[in-house]
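Q: File name structure24.cif; file contents mmCIF, C-alpha atoms and all ligand atoms; full text below.
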data_input
loop_
_atom_site.group_PDB
_atom_site.id
_atom_site.type_symbol
_atom_site.label_atom_id
_atom_site.label_comp_id
_atom_site.auth_asym_id
_atom_site.auth_seq_id
_atom_site.Cartn_x
_atom_site.Cartn_y
_atom_site.Cartn_z
ATOM 1 C CA MET W 286 79.534 -18.809 -20.167
ATOM 2 C CA PRO W 287 76.485 -17.559 -22.103
ATOM 3 C CA ARG W 288 76.934 -14.473 -24.313
ATOM 4 C CA HIS W 289 73.961 -12.744 -22.673
ATOM 5 C CA PHE W 290 72.712 -12.369 -19.085
ATOM 6 C CA VAL W 291 69.002 -12.962 -19.573
ATOM 7 C CA SER W 292 68.134 -15.781 -17.149
ATOM 8 C CA LEU W 293 70.096 -17.413 -14.337
ATOM 9 C CA ALA W 294 68.752 -20.731 -15.662
ATOM 10 C CA ASP W 295 71.028 -20.338 -18.717
ATOM 11 C CA HIS W 296 74.018 -20.599 -16.371
ATOM 12 C CA THR W 297 75.824 -23.430 -14.628
ATOM 13 C CA ALA W 298 76.876 -23.343 -10.987
ATOM 14 C CA GLU W 299 80.431 -22.742 -12.277
ATOM 15 C CA ASP W 300 79.291 -19.708 -14.276
ATOM 16 C CA LEU W 301 77.557 -18.211 -11.231
ATOM 17 C CA ARG W 302 80.550 -19.051 -9.060
ATOM 18 C CA ALA W 303 82.794 -17.120 -11.477
ATOM 19 C CA TYR W 304 80.472 -14.106 -11.308
ATOM 20 C CA LEU W 305 80.280 -14.235 -7.505
ATOM 21 C CA ASP W 306 84.057 -14.531 -7.106
ATOM 22 C CA LEU W 307 84.623 -11.576 -9.447
ATOM 23 C CA ALA W 308 81.934 -9.537 -7.661
ATOM 24 C CA ARG W 309 83.717 -10.175 -4.371
ATOM 25 C CA GLN W 310 87.029 -8.977 -5.843
ATOM 26 C CA LEU W 311 85.308 -5.890 -7.242
ATOM 27 C CA LYS W 312 83.913 -5.059 -3.808
ATOM 28 C CA LEU W 313 87.286 -5.580 -2.097
ATOM 29 C CA TYR W 314 89.523 -3.939 -4.718
ATOM 30 C CA PRO W 315 87.476 -1.561 -6.876
ATOM 31 C CA ALA W 316 90.521 0.471 -7.941
ATOM 32 C CA ALA W 317 92.048 -2.585 -9.635
ATOM 33 C CA PHE W 318 89.241 -2.594 -12.215
ATOM 34 C CA LYS W 319 89.207 1.082 -13.238
ATOM 35 C CA GLU W 320 90.072 0.320 -16.862
ATOM 36 C CA ALA W 321 88.213 -2.989 -17.205
ATOM 37 C CA CYS W 322 85.585 -1.490 -19.526
ATOM 38 C CA ALA W 323 87.557 1.552 -20.724
ATOM 39 C CA GLY W 324 85.949 3.040 -23.820
ATOM 40 C CA ARG W 325 82.926 0.747 -23.599
ATOM 41 C CA THR W 326 79.342 2.015 -23.792
ATOM 42 C CA LEU W 327 76.290 0.386 -22.232
ATOM 43 C CA ALA W 328 72.862 1.344 -23.613
ATOM 44 C CA MET W 329 70.259 1.160 -20.847
ATOM 45 C CA ILE W 330 66.668 0.721 -22.062
ATOM 46 C CA PHE W 331 64.049 1.387 -19.369
ATOM 47 C CA GLN W 332 60.364 0.783 -20.091
ATOM 48 C CA LYS W 333 59.628 0.958 -16.330
ATOM 49 C CA PRO W 334 60.914 3.145 -13.454
ATOM 50 C CA SER W 335 64.044 2.287 -11.478
ATOM 51 C CA LEU W 336 66.234 3.607 -8.680
ATOM 52 C CA ARG W 337 68.687 0.816 -7.971
ATOM 53 C CA THR W 338 69.079 -0.751 -11.406
ATOM 54 C CA ARG W 339 69.516 2.536 -13.230
ATOM 55 C CA VAL W 340 71.953 4.110 -10.785
ATOM 56 C CA SER W 341 73.998 0.967 -10.108
ATOM 57 C CA PHE W 342 74.478 0.108 -13.794
ATOM 58 C CA GLN W 343 75.321 3.676 -14.789
ATOM 59 C CA THR W 344 77.672 4.183 -11.845
ATOM 60 C CA GLY W 345 79.148 0.726 -12.362
ATOM 61 C CA ILE W 346 80.082 1.181 -16.012
ATOM 62 C CA PHE W 347 81.548 4.615 -15.185
ATOM 63 C CA GLN W 348 83.695 3.102 -12.411
ATOM 64 C CA LEU W 349 84.997 0.559 -14.957
ATOM 65 C CA GLY W 350 86.104 3.325 -17.342
ATOM 66 C CA GLY W 351 83.087 3.248 -19.642
ATOM 67 C CA GLN W 352 79.815 5.113 -19.963
ATOM 68 C CA GLY W 353 76.113 4.336 -19.759
ATOM 69 C CA ILE W 354 73.352 5.938 -21.813
ATOM 70 C CA TYR W 355 69.909 6.049 -20.197
ATOM 71 C CA LEU W 356 67.109 5.442 -22.709
ATOM 72 C CA GLY W 357 63.735 5.990 -21.016
ATOM 73 C CA PRO W 358 60.318 4.984 -22.319
ATOM 74 C CA LYS W 359 59.859 8.202 -24.297
ATOM 75 C CA ASP W 360 63.476 8.601 -25.413
ATOM 76 C CA ILE W 361 63.643 6.004 -28.153
ATOM 77 C CA GLN W 362 61.307 4.937 -30.942
ATOM 78 C CA LEU W 363 59.908 1.705 -29.441
ATOM 79 C CA HIS W 364 56.727 3.470 -28.317
ATOM 80 C CA ARG W 365 56.273 4.784 -31.876
ATOM 81 C CA GLY W 366 56.383 1.340 -33.430
ATOM 82 C CA GLU W 367 60.083 0.708 -34.108
ATOM 83 C CA THR W 368 60.624 -2.998 -33.564
ATOM 84 C CA ILE W 369 62.741 -4.532 -30.820
ATOM 85 C CA ALA W 370 64.717 -6.315 -33.546
ATOM 86 C CA ASP W 371 65.591 -3.082 -35.356
ATOM 87 C CA THR W 372 66.402 -1.359 -32.055
ATOM 88 C CA ALA W 373 68.780 -4.222 -31.212
ATOM 89 C CA ARG W 374 70.444 -4.135 -34.639
ATOM 90 C CA VAL W 375 70.954 -0.368 -34.572
ATOM 91 C CA LEU W 376 72.237 -0.232 -30.995
ATOM 92 C CA SER W 377 74.681 -3.038 -31.813
ATOM 93 C CA ARG W 378 76.356 -0.737 -34.361
ATOM 94 C CA TYR W 379 77.091 1.859 -31.653
ATOM 95 C CA VAL W 380 77.430 0.289 -28.232
ATOM 96 C CA ASP W 381 79.171 -2.647 -26.554
ATOM 97 C CA GLY W 382 76.275 -3.902 -24.438
ATOM 98 C CA ILE W 383 72.541 -3.409 -23.926
ATOM 99 C CA MET W 384 70.818 -3.522 -20.540
ATOM 100 C CA ALA W 385 67.023 -3.625 -20.725
ATOM 101 C CA ARG W 386 64.141 -3.355 -18.242
ATOM 102 C CA VAL W 387 60.923 -4.387 -19.981
ATOM 103 C CA PHE W 388 57.405 -5.639 -19.365
ATOM 104 C CA ALA W 389 57.244 -8.753 -21.596
ATOM 105 C CA HIS W 390 60.122 -11.183 -21.084
ATOM 106 C CA ALA W 391 59.817 -11.971 -24.805
ATOM 107 C CA ASP W 392 61.188 -8.467 -25.454
ATOM 108 C CA VAL W 393 64.504 -9.267 -23.717
ATOM 109 C CA LEU W 394 64.694 -12.539 -25.647
ATOM 110 C CA ASP W 395 64.002 -10.630 -28.863
ATOM 111 C CA LEU W 396 66.735 -8.117 -28.072
ATOM 112 C CA ALA W 397 69.187 -10.935 -27.366
ATOM 113 C CA ALA W 398 68.235 -12.744 -30.573
ATOM 114 C CA HIS W 399 68.893 -9.685 -32.751
ATOM 115 C CA ALA W 400 71.754 -7.910 -30.976
ATOM 116 C CA SER W 401 75.337 -8.690 -31.889
ATOM 117 C CA VAL W 402 76.416 -7.308 -28.488
ATOM 118 C CA PRO W 403 75.617 -8.799 -25.060
ATOM 119 C CA VAL W 404 72.145 -8.189 -23.595
ATOM 120 C CA ILE W 405 71.622 -7.920 -19.829
ATOM 121 C CA ASN W 406 68.147 -8.386 -18.310
ATOM 122 C CA GLY W 407 67.512 -5.507 -15.902
ATOM 123 C CA LEU W 408 64.074 -6.974 -14.957
ATOM 124 C CA SER W 409 61.214 -8.360 -16.978
ATOM 125 C CA ASP W 410 57.766 -9.447 -15.817
ATOM 126 C CA LEU W 411 59.183 -12.995 -15.625
ATOM 127 C CA LEU W 412 62.696 -12.618 -14.174
ATOM 128 C CA HIS W 413 65.108 -10.346 -12.280
ATOM 129 C CA PRO W 414 68.442 -12.179 -12.539
ATOM 130 C CA ALA W 415 70.803 -9.251 -11.842
ATOM 131 C CA GLN W 416 69.061 -8.687 -8.508
ATOM 132 C CA VAL W 417 69.419 -12.346 -7.563
ATOM 133 C CA LEU W 418 73.113 -12.468 -8.487
ATOM 134 C CA ALA W 419 73.624 -9.600 -6.010
ATOM 135 C CA ASP W 420 71.422 -11.439 -3.499
ATOM 136 C CA LEU W 421 73.531 -14.601 -3.760
ATOM 137 C CA GLN W 422 76.620 -12.451 -3.123
ATOM 138 C CA THR W 423 74.905 -10.961 -0.059
ATOM 139 C CA ILE W 424 73.820 -14.336 1.335
ATOM 140 C CA GLU W 425 77.313 -15.735 0.896
ATOM 141 C CA GLU W 426 78.804 -12.708 2.665
ATOM 142 C CA LYS W 427 76.448 -13.060 5.608
ATOM 143 C CA LYS W 428 76.285 -16.849 5.886
ATOM 144 C CA GLY W 429 79.622 -17.955 4.446
ATOM 145 C CA ARG W 430 78.012 -20.374 2.004
ATOM 146 C CA LEU W 431 75.029 -20.999 -0.260
ATOM 147 C CA ALA W 432 74.642 -24.768 -0.661
ATOM 148 C CA GLY W 433 72.551 -26.323 2.069
ATOM 149 C CA LEU W 434 70.876 -23.084 3.187
ATOM 150 C CA LYS W 435 67.096 -22.694 3.186
ATOM 151 C CA LEU W 436 65.710 -19.566 1.509
ATOM 152 C CA ALA W 437 62.019 -18.776 2.003
ATOM 153 C CA PHE W 438 60.283 -16.300 -0.309
ATOM 154 C CA LEU W 439 56.878 -15.086 0.864
ATOM 155 C CA GLY W 440 54.307 -13.360 -1.334
ATOM 156 C CA ASP W 441 53.633 -13.140 -5.039
ATOM 157 C CA GLY W 442 55.032 -15.830 -7.350
ATOM 158 C CA ASN W 443 56.614 -13.029 -9.390
ATOM 159 C CA ASN W 444 59.859 -12.178 -11.194
ATOM 160 C CA MET W 445 61.782 -12.186 -7.895
ATOM 161 C CA ALA W 446 60.362 -15.552 -6.841
ATOM 162 C CA HIS W 447 61.296 -16.962 -10.262
ATOM 163 C CA SER W 448 64.912 -15.784 -10.291
ATOM 164 C CA LEU W 449 65.374 -16.853 -6.665
ATOM 165 C CA LEU W 450 64.057 -20.313 -7.624
ATOM 166 C CA HIS W 451 66.562 -20.515 -10.495
ATOM 167 C CA GLY W 452 69.558 -19.070 -8.650
ATOM 168 C CA GLY W 453 68.965 -20.887 -5.371
ATOM 169 C CA ALA W 454 68.395 -24.223 -7.102
ATOM 170 C CA ILE W 455 71.540 -23.895 -9.236
ATOM 171 C CA MET W 456 73.626 -23.175 -6.125
ATOM 172 C CA GLY W 457 72.274 -26.100 -4.088
ATOM 173 C CA MET W 458 69.937 -24.191 -1.793
ATOM 174 C CA SER W 459 66.501 -25.263 -0.541
ATOM 175 C CA VAL W 460 64.065 -22.695 -1.912
ATOM 176 C CA ALA W 461 60.567 -22.486 -0.390
ATOM 177 C CA ILE W 462 57.918 -20.241 -1.923
ATOM 178 C CA GLY W 463 54.925 -19.373 0.284
ATOM 179 C CA HIS W 464 52.187 -17.694 -1.781
ATOM 180 C CA PRO W 465 48.474 -16.922 -1.455
ATOM 181 C CA ARG W 466 46.098 -19.048 -3.544
ATOM 182 C CA GLY W 467 46.028 -17.804 -7.129
ATOM 183 C CA TYR W 468 49.495 -16.226 -6.960
ATOM 184 C CA ALA W 469 51.711 -19.282 -7.470
ATOM 185 C CA PRO W 470 54.996 -19.028 -9.360
ATOM 186 C CA ASP W 471 55.047 -19.967 -13.056
ATOM 187 C CA PRO W 472 54.854 -23.805 -13.294
ATOM 188 C CA GLU W 473 57.555 -23.892 -15.995
ATOM 189 C CA VAL W 474 59.947 -22.006 -13.733
ATOM 190 C CA VAL W 475 59.151 -24.352 -10.839
ATOM 191 C CA THR W 476 59.733 -27.429 -13.022
ATOM 192 C CA ARG W 477 63.067 -26.056 -14.236
ATOM 193 C CA ALA W 478 64.077 -25.178 -10.668
ATOM 194 C CA ARG W 479 63.245 -28.714 -9.525
ATOM 195 C CA GLU W 480 65.489 -30.122 -12.284
ATOM 196 C CA LEU W 481 68.308 -27.743 -11.319
ATOM 197 C CA ALA W 482 67.877 -28.597 -7.635
ATOM 198 C CA ALA W 483 67.972 -32.333 -8.369
ATOM 199 C CA ALA W 484 71.378 -31.813 -9.992
ATOM 200 C CA SER W 485 72.797 -29.543 -7.272
ATOM 201 C CA GLY W 486 71.521 -31.249 -4.115
ATOM 202 C CA GLY W 487 69.062 -28.439 -3.441
ATOM 203 C CA SER W 488 65.284 -28.634 -3.204
ATOM 204 C CA VAL W 489 62.129 -26.716 -4.079
ATOM 205 C CA LEU W 490 58.951 -26.353 -2.012
ATOM 206 C CA VAL W 491 55.872 -24.421 -3.145
ATOM 207 C CA THR W 492 53.172 -23.971 -0.505
ATOM 208 C CA GLU W 493 50.178 -21.806 0.383
ATOM 209 C CA ASP W 494 51.184 -21.961 4.067
ATOM 210 C CA PRO W 495 53.523 -19.066 4.976
ATOM 211 C CA ARG W 496 54.534 -20.795 8.205
ATOM 212 C CA GLU W 497 55.630 -23.956 6.423
ATOM 213 C CA ALA W 498 57.651 -21.843 3.990
ATOM 214 C CA VAL W 499 59.605 -19.910 6.645
ATOM 215 C CA ALA W 500 60.109 -22.810 9.090
ATOM 216 C CA GLU W 501 63.800 -22.864 10.047
ATOM 217 C CA ALA W 502 64.767 -20.755 7.050
ATOM 218 C CA ASP W 503 68.227 -19.168 6.977
ATOM 219 C CA VAL W 504 67.002 -16.411 4.655
ATOM 220 C CA VAL W 505 63.514 -14.876 4.636
ATOM 221 C CA TYR W 506 62.795 -12.855 1.479
ATOM 222 C CA THR W 507 59.806 -10.846 0.346
ATOM 223 C CA ASP W 508 58.835 -8.368 -2.366
ATOM 224 C CA VAL W 509 55.994 -5.978 -3.124
ATOM 225 C CA TRP W 510 52.540 -7.522 -3.518
ATOM 226 C CA ALA W 511 51.781 -5.486 -6.652
ATOM 227 C CA SER W 512 54.664 -5.297 -9.105
ATOM 228 C CA MET W 513 55.254 -2.578 -11.675
ATOM 229 C CA GLY W 514 52.404 -2.810 -14.174
ATOM 230 C CA GLN W 515 49.967 -4.325 -11.636
ATOM 231 C CA GLU W 516 48.941 -1.038 -10.015
ATOM 232 C CA ALA W 517 45.262 -1.575 -10.900
ATOM 233 C CA GLU W 518 45.227 -4.835 -8.884
ATOM 234 C CA ARG W 519 46.706 -3.217 -5.788
ATOM 235 C CA GLU W 520 43.573 -3.123 -3.593
ATOM 236 C CA GLU W 521 42.558 -6.681 -4.443
ATOM 237 C CA ARG W 522 46.059 -7.930 -3.778
ATOM 238 C CA LEU W 523 46.266 -6.116 -0.422
ATOM 239 C CA ALA W 524 43.210 -8.086 0.679
ATOM 240 C CA ARG W 525 44.313 -11.443 -0.723
ATOM 241 C CA PHE W 526 47.852 -11.295 0.650
ATOM 242 C CA GLN W 527 46.780 -10.877 4.298
ATOM 243 C CA GLY W 528 48.712 -13.361 6.434
ATOM 244 C CA PHE W 529 51.786 -13.165 4.188
ATOM 245 C CA GLN W 530 53.336 -10.061 5.773
ATOM 246 C CA VAL W 531 56.817 -10.820 7.116
ATOM 247 C CA ASP W 532 56.470 -9.664 10.723
ATOM 248 C CA GLY W 533 58.194 -10.571 13.965
ATOM 249 C CA ALA W 534 55.916 -13.577 14.507
ATOM 250 C CA LEU W 535 56.805 -15.116 11.118
ATOM 251 C CA MET W 536 60.514 -14.328 11.556
ATOM 252 C CA ALA W 537 60.371 -16.158 14.911
ATOM 253 C CA LEU W 538 59.631 -19.393 13.000
ATOM 254 C CA ALA W 539 62.815 -19.051 10.946
ATOM 255 C CA ASP W 540 66.287 -19.978 12.168
ATOM 256 C CA PRO W 541 67.281 -17.684 15.085
ATOM 257 C CA ALA W 542 70.175 -16.356 12.973
ATOM 258 C CA ALA W 543 68.020 -15.839 9.868
ATOM 259 C CA ILE W 544 68.545 -12.750 7.744
ATOM 260 C CA PHE W 545 65.740 -10.732 6.161
ATOM 261 C CA MET W 546 66.005 -9.716 2.497
ATOM 262 C CA HIS W 547 63.980 -7.519 0.133
ATOM 263 C CA CYS W 548 64.942 -6.361 -3.349
ATOM 264 C CA LEU W 549 63.349 -2.941 -2.633
ATOM 265 C CA PRO W 550 61.386 -0.762 -3.097
ATOM 266 C CA ALA W 551 59.525 -1.879 0.072
ATOM 267 C CA HIS W 552 56.118 -1.023 1.470
ATOM 268 C CA ARG W 553 56.312 -1.101 5.259
ATOM 269 C CA GLY W 554 53.055 -2.360 6.754
ATOM 270 C CA GLU W 555 52.214 -4.371 3.621
ATOM 271 C CA GLU W 556 54.607 -7.175 2.651
ATOM 272 C CA VAL W 557 56.951 -6.451 5.589
ATOM 273 C CA ALA W 558 56.577 -4.974 9.063
ATOM 274 C CA ALA W 559 58.807 -2.009 9.890
ATOM 275 C CA GLU W 560 60.152 -3.921 12.916
ATOM 276 C CA VAL W 561 61.640 -6.508 10.536
ATOM 277 C CA ILE W 562 62.970 -4.427 7.628
ATOM 278 C CA ASP W 563 64.383 -1.829 10.033
ATOM 279 C CA GLY W 564 65.505 -4.445 12.573
ATOM 280 C CA PRO W 565 68.802 -6.255 13.199
ATOM 281 C CA ALA W 566 68.128 -9.196 10.839
ATOM 282 C CA SER W 567 67.649 -6.947 7.823
ATOM 283 C CA VAL W 568 70.386 -6.844 5.156
ATOM 284 C CA VAL W 569 68.409 -4.936 2.533
ATOM 285 C CA PHE W 570 70.904 -2.103 2.039
ATOM 286 C CA ASP W 571 73.793 -4.546 1.644
ATOM 287 C CA GLN W 572 71.722 -6.188 -1.078
ATOM 288 C CA ALA W 573 71.205 -2.833 -2.752
ATOM 289 C CA GLU W 574 74.947 -2.085 -2.558
ATOM 290 C CA ASN W 575 75.845 -5.462 -4.006
ATOM 291 C CA ARG W 576 73.874 -4.653 -7.157
ATOM 292 C CA LEU W 577 76.807 -2.394 -8.004
ATOM 293 C CA HIS W 578 79.495 -5.042 -7.484
ATOM 294 C CA ALA W 579 77.602 -7.962 -9.027
ATOM 295 C CA GLN W 580 76.633 -5.984 -12.123
ATOM 296 C CA LYS W 581 80.203 -4.730 -12.588
ATOM 297 C CA ALA W 582 81.153 -8.417 -12.676
ATOM 298 C CA ILE W 583 78.518 -9.044 -15.364
ATOM 299 C CA MET W 584 79.726 -6.108 -17.459
ATOM 300 C CA ILE W 585 83.404 -7.070 -17.188
ATOM 301 C CA ARG W 586 82.757 -10.659 -18.233
ATOM 302 C CA LEU W 587 80.383 -9.796 -21.072
ATOM 303 C CA MET W 588 81.799 -6.543 -22.448
ATOM 304 C CA GLY W 589 85.154 -5.951 -20.761
ATOM 305 C CA ARG W 590 88.563 -5.482 -22.379
ATOM 306 C CA ARG W 591 90.431 -8.729 -22.846
HETATM 307 N N1 LIG W 601 65.483 -3.819 -6.882
HETATM 308 C C1 LIG W 601 65.373 -3.089 -8.004
HETATM 309 O O1 LIG W 601 65.553 -3.566 -9.117
HETATM 310 O O2 LIG W 601 65.107 -1.758 -7.795
HETATM 311 P P1 LIG W 601 64.739 -0.680 -8.912
HETATM 312 O O3 LIG W 601 63.379 -1.058 -9.456
HETATM 313 O O4 LIG W 601 64.711 0.626 -8.173
HETATM 314 O O5 LIG W 601 65.781 -0.711 -9.984
HETATM 315 N N1 LIG W 602 58.519 -7.519 -8.387
HETATM 316 C C1 LIG W 602 58.941 -6.135 -8.420
HETATM 317 C C2 LIG W 602 60.431 -6.035 -8.316
HETATM 318 C C3 LIG W 602 60.966 -4.631 -8.319
HETATM 319 C C4 LIG W 602 62.469 -4.589 -8.249
HETATM 320 C C5 LIG W 602 58.432 -5.500 -9.709
HETATM 321 O O1 LIG W 602 58.520 -6.135 -10.761
HETATM 322 O O2 LIG W 602 57.945 -4.371 -9.652
#
Please express the file's structure as structure tokens.
A:
Amino acid sequence: MPRHFVSLADHTAEDLRAYLDLARQLKLYPAAFKEACAGRTLAMIFQKPSLRTRVSFQTGIFQLGGQGIYLGPKDIQLHRGETIADTARVLSRYVDGIMARVFAHADVLDLAAHASVPVINGLSDLLHPAQVLADLQTIEEKKGRLAGLKLAFLGDGNNMAHSLLHGGAIMGMSVAIGHPRGYAPDPEVVTRARELAAASGGSVLVTEDPREAVAEADVVYTDVWASMGQEAEREERLARFQGFQVDGALMALADPAAIFMHCLPAHRGEEVAAEVIDGPASVVFDQAENRLHAQKAIMIRLMGRR
């Protein structure tokens, strides 16, 4: 098991299986884990806003007997020129783990390289692995399995698309990304996902045709068209992403028992129609809840009492 939780691609199927099994136990029997991180402190660096990640990590470490410290963009010295390396070295003298939400993925890698305590990626421009661990837990709860299922992600080839490619491929799923021209996922991530899928019996499809992507999918997933930091591109993206909204007509091409997923926050009327996200196929609030359980599993395994 890797020392950090930076990318799902650093993990084997056995590693992810261990996390998912522990997350399931944590959801079923939370009281059994009340002391699992007793006396432990998690530093939580946020260079971007957050509802789910911030509240679920802070609540999660508290429920395990530890504490979280929120460090917002103006709270620490990074914006005044203190290096990531020095921040990592100093925090390592005080705390037992560092969770970080950053713009450049290189910043999480830098933290991990210089911290002597575990580093957890709470979203970078490249990846969102904690979200996808919770998503895998949610899919397994709803569908009873992961391997052999088809997951379609529609929209921007962004951090969510990338971590879904990694996580789905490791677990033997067929992952299809449907994106508008010019918004393809990172080719390195796609190549890695294809290698992982070849080993697991899964597959990877990248297409500019949203209908091909969702055809007979068991899971239909989407995310905002303009991610945090891309606010200036919002109008252009709204125009270019027409035809990629997950609405009733697109859902009708998926498997009749397909579930709809979204990491949230959502924009109804943009990437998803209200009839879908607020309809019977939607599991978005179960996903949000599972952030708590999945991340408690990460914290126990990386910084828990032994
Ligand atoms: N899904 C997710 O990470 O939400 P927040 O940005 O609110 O943390
Ligand atoms: N792609 C989105 C995910 C938010 C959880 C973003 O980076 O803003």
Q: In the coordinate frame of the file, compute which residues have an atom within 7 Å of (76.4, -6.6, -32.5) when using all atoms listed in the file, and state them as a list of chain:residue names.
A: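 The residues that fall inside the cut-off are W:Arg374, W:Ser377, W:Arg378, W:Ala400, W:Ser401, W:Val402.
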Q: Please identify every residue of chain W that has at least one atom no farther than 6 Å from an atom of ligand LIG 602 (chain W), counting only C-alpha atoms and all ligand atoms, and for each give the shortest atom pair and the distance in Å to one decimal, arranged by chain then increasing number, as CSV.
A:
residue,atom,partner,partner_atom,distance
W:Asn443,CA,W:LIG602,N1,5.9
W:Asn444,CA,W:LIG602,N1,5.6
W:Met445,CA,W:LIG602,N1,5.7
W:Ser512,CA,W:LIG602,O2,3.5
W:Met513,CA,W:LIG602,O2,3.8
W:Cys548,CA,W:LIG602,C4,5.8
W:Leu549,CA,W:LIG602,C4,5.9
Q: Please compute the atom CA of Val380 of chain W-atom CA of Ser341 of chain W distance, one decimal, in Å.
A: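 Between atom CA of Val380 of chain W and atom CA of Ser341 of chain W the gap is 18.5 Å.
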Q: In Å, how far is it from atom CA of Asp300 of chain W to atom CA of Ile369 of chain W?
A: 27.9 Å
Q: Using all atoms listed in the file, find each protein or nucleic acid residue lying at most 8 Å from ligand LIG 601 (chain W); present the set as a PyMOL selection string.
A: chain W and resi 334-340+407-408+413+416+548-550+573
Q: Run the PyMOL selection byres (((chain W and resi 469-478) around 12) and not hetatm) mentally over the shown coordinates, then write out the matched residues as a count of residues only, using the chain letters and numbers from the document.
A: 54
Q: What separation in Å, quoted to one decimal, exists between atom CA of Pro358 of chain W and atom CA of Phe388 of chain W?
A: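 Interatomic distance here is 11.4 Å.
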Q: Could you write out as a list in words the residues that the PyMOL selection byres (((chain W and resi 558-560) around 12) and not hetatm) matches in the shown file?
A: Thr507, Gly528, Phe529, Gln530, Val531, Asp532, Gly533, Ala534, Leu535, Met536, Phe545, His547, Ala551, His552, Arg553, Gly554, Glu555, Glu556, Val557, Val561, Ile562, Asp563, Gly564, Pro565, Ala566 and Ser567 of chain W
Q: With C-alpha atoms retained, could you export that selection as a tab-separated table (two decimals), in the frame of the given file?
A:
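Saved as again-v7.tsv:
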chain	number	residue	atom	x	y	z
W	507	THR	CA	59.81	-10.85	0.35
W	528	GLY	CA	48.71	-13.36	6.43
W	529	PHE	CA	51.79	-13.16	4.19
W	530	GLN	CA	53.34	-10.06	5.77
W	531	VAL	CA	56.82	-10.82	7.12
W	532	ASP	CA	56.47	-9.66	10.72
W	533	GLY	CA	58.19	-10.57	13.96
W	534	ALA	CA	55.92	-13.58	14.51
W	535	LEU	CA	56.80	-15.12	11.12
W	536	MET	CA	60.51	-14.33	11.56
W	545	PHE	CA	65.74	-10.73	6.16
W	547	HIS	CA	63.98	-7.52	0.13
W	551	ALA	CA	59.52	-1.88	0.07
W	552	HIS	CA	56.12	-1.02	1.47
W	553	ARG	CA	56.31	-1.10	5.26
W	554	GLY	CA	53.06	-2.36	6.75
W	555	GLU	CA	52.21	-4.37	3.62
W	556	GLU	CA	54.61	-7.18	2.65
W	557	VAL	CA	56.95	-6.45	5.59
W	561	VAL	CA	61.64	-6.51	10.54
W	562	ILE	CA	62.97	-4.43	7.63
W	563	ASP	CA	64.38	-1.83	10.03
W	564	GLY	CA	65.50	-4.44	12.57
W	565	PRO	CA	68.80	-6.26	13.20
W	566	ALA	CA	68.13	-9.20	10.84
W	567	SER	CA	67.65	-6.95	7.82
Q: Which polymer residues have any atom within 8 Å of an atom of Gln422 of chain W, counting all atoms listed in the file, with same-chain residues fewer than 2 positions away left out, as a list in words?
A: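 So the residues in contact are Leu305, Ala308, Arg309, Leu418, Ala419, Asp420, Ile424, Glu425, Glu426, Asn575 and Ala579 of chain W.
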Q: Quick one: what's the axis-aligned box for segment 287-291 of chain W, all listed atoms, 6 Å on every side, centre and edges in Å to one decimal, as JSON?
A:
{"center_x": 73.0, "center_y": -15.0, "center_z": -21.7, "size_x": 19.9, "size_y": 17.2, "size_z": 17.2}
Q: If the PyMOL selection byres (((chain W and resi 372) around 9) and not hetatm) is run on the structure shown, which residues does it catch, given as a list of chain:residue names?
A: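 This file, filtered by the PyMOL selection byres (((chain W and resi 372) around 9) and not hetatm), leaves W:Ile361, W:Gln362, W:Leu363, W:Glu367, W:Thr368, W:Ile369, W:Ala370, W:Asp371, W:Ala373, W:Arg374, W:Val375, W:Leu376, W:Ser377, W:Leu396, W:His399, W:Ala400.
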Q: Counting all atoms listed in the file, which of W:Arg365, W:Pro403, W:Ala397, W:Gly350 gets nearest to Arg586 of chain W?
A: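 Ranking W:Arg365, W:Pro403, W:Ala397, W:Gly350 by distance to Arg586 of chain W, first place goes to W:Pro403.
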Q: Using all atoms listed in the file for the distances, tell me which of W:Asp503, W:Glu320, W:Phe526, W:Ala389 is nearest to Leu431 of chain W.
A: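 That would be W:Asp503, the residue with the smallest distance to Leu431 of chain W.
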Q: When distances are computed from only C-alpha atoms, which of W:Met286, W:Ala323, W:Ile544, W:Val509 shows the smallest separation from Val568 of chain W?
A: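 For Val568 of chain W, the nearest of the given residues is W:Ile544.
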Q: Which residue gives the smallest distance to Tyr379 of chain W among W:Gly351, W:Val404, W:Phe570, W:Leu327, with only C-alpha atoms counted?
A: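 Nearest candidate to Tyr379 of chain W out of W:Gly351, W:Val404, W:Phe570, W:Leu327: W:Leu327.
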Q: Any idea what's packed within 10 Å of segment 541-543 of chain W, counting only C-alpha atoms, ignoring anything in its chain fewer than 3 positions away? Could you give it as a list of chain:residue names?
A: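 In the requested form, the answer reads W:Lys427, W:Lys428, W:Lys435, W:Leu436, W:Val499, W:Glu501, W:Ala502, W:Asp503, W:Val504, W:Val505, W:Met536, W:Ala537, W:Leu538, W:Met546, W:Ala566, W:Ser567.
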Q: Given only C-alpha atoms as the basis, pick out the residue of W:Leu577, W:Lys312, W:Asp508, W:Val291 nearest to Ala391 of chain W.
A: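 Between W:Leu577, W:Lys312, W:Asp508, W:Val291, the residue approaching Ala391 of chain W most closely is W:Val291.
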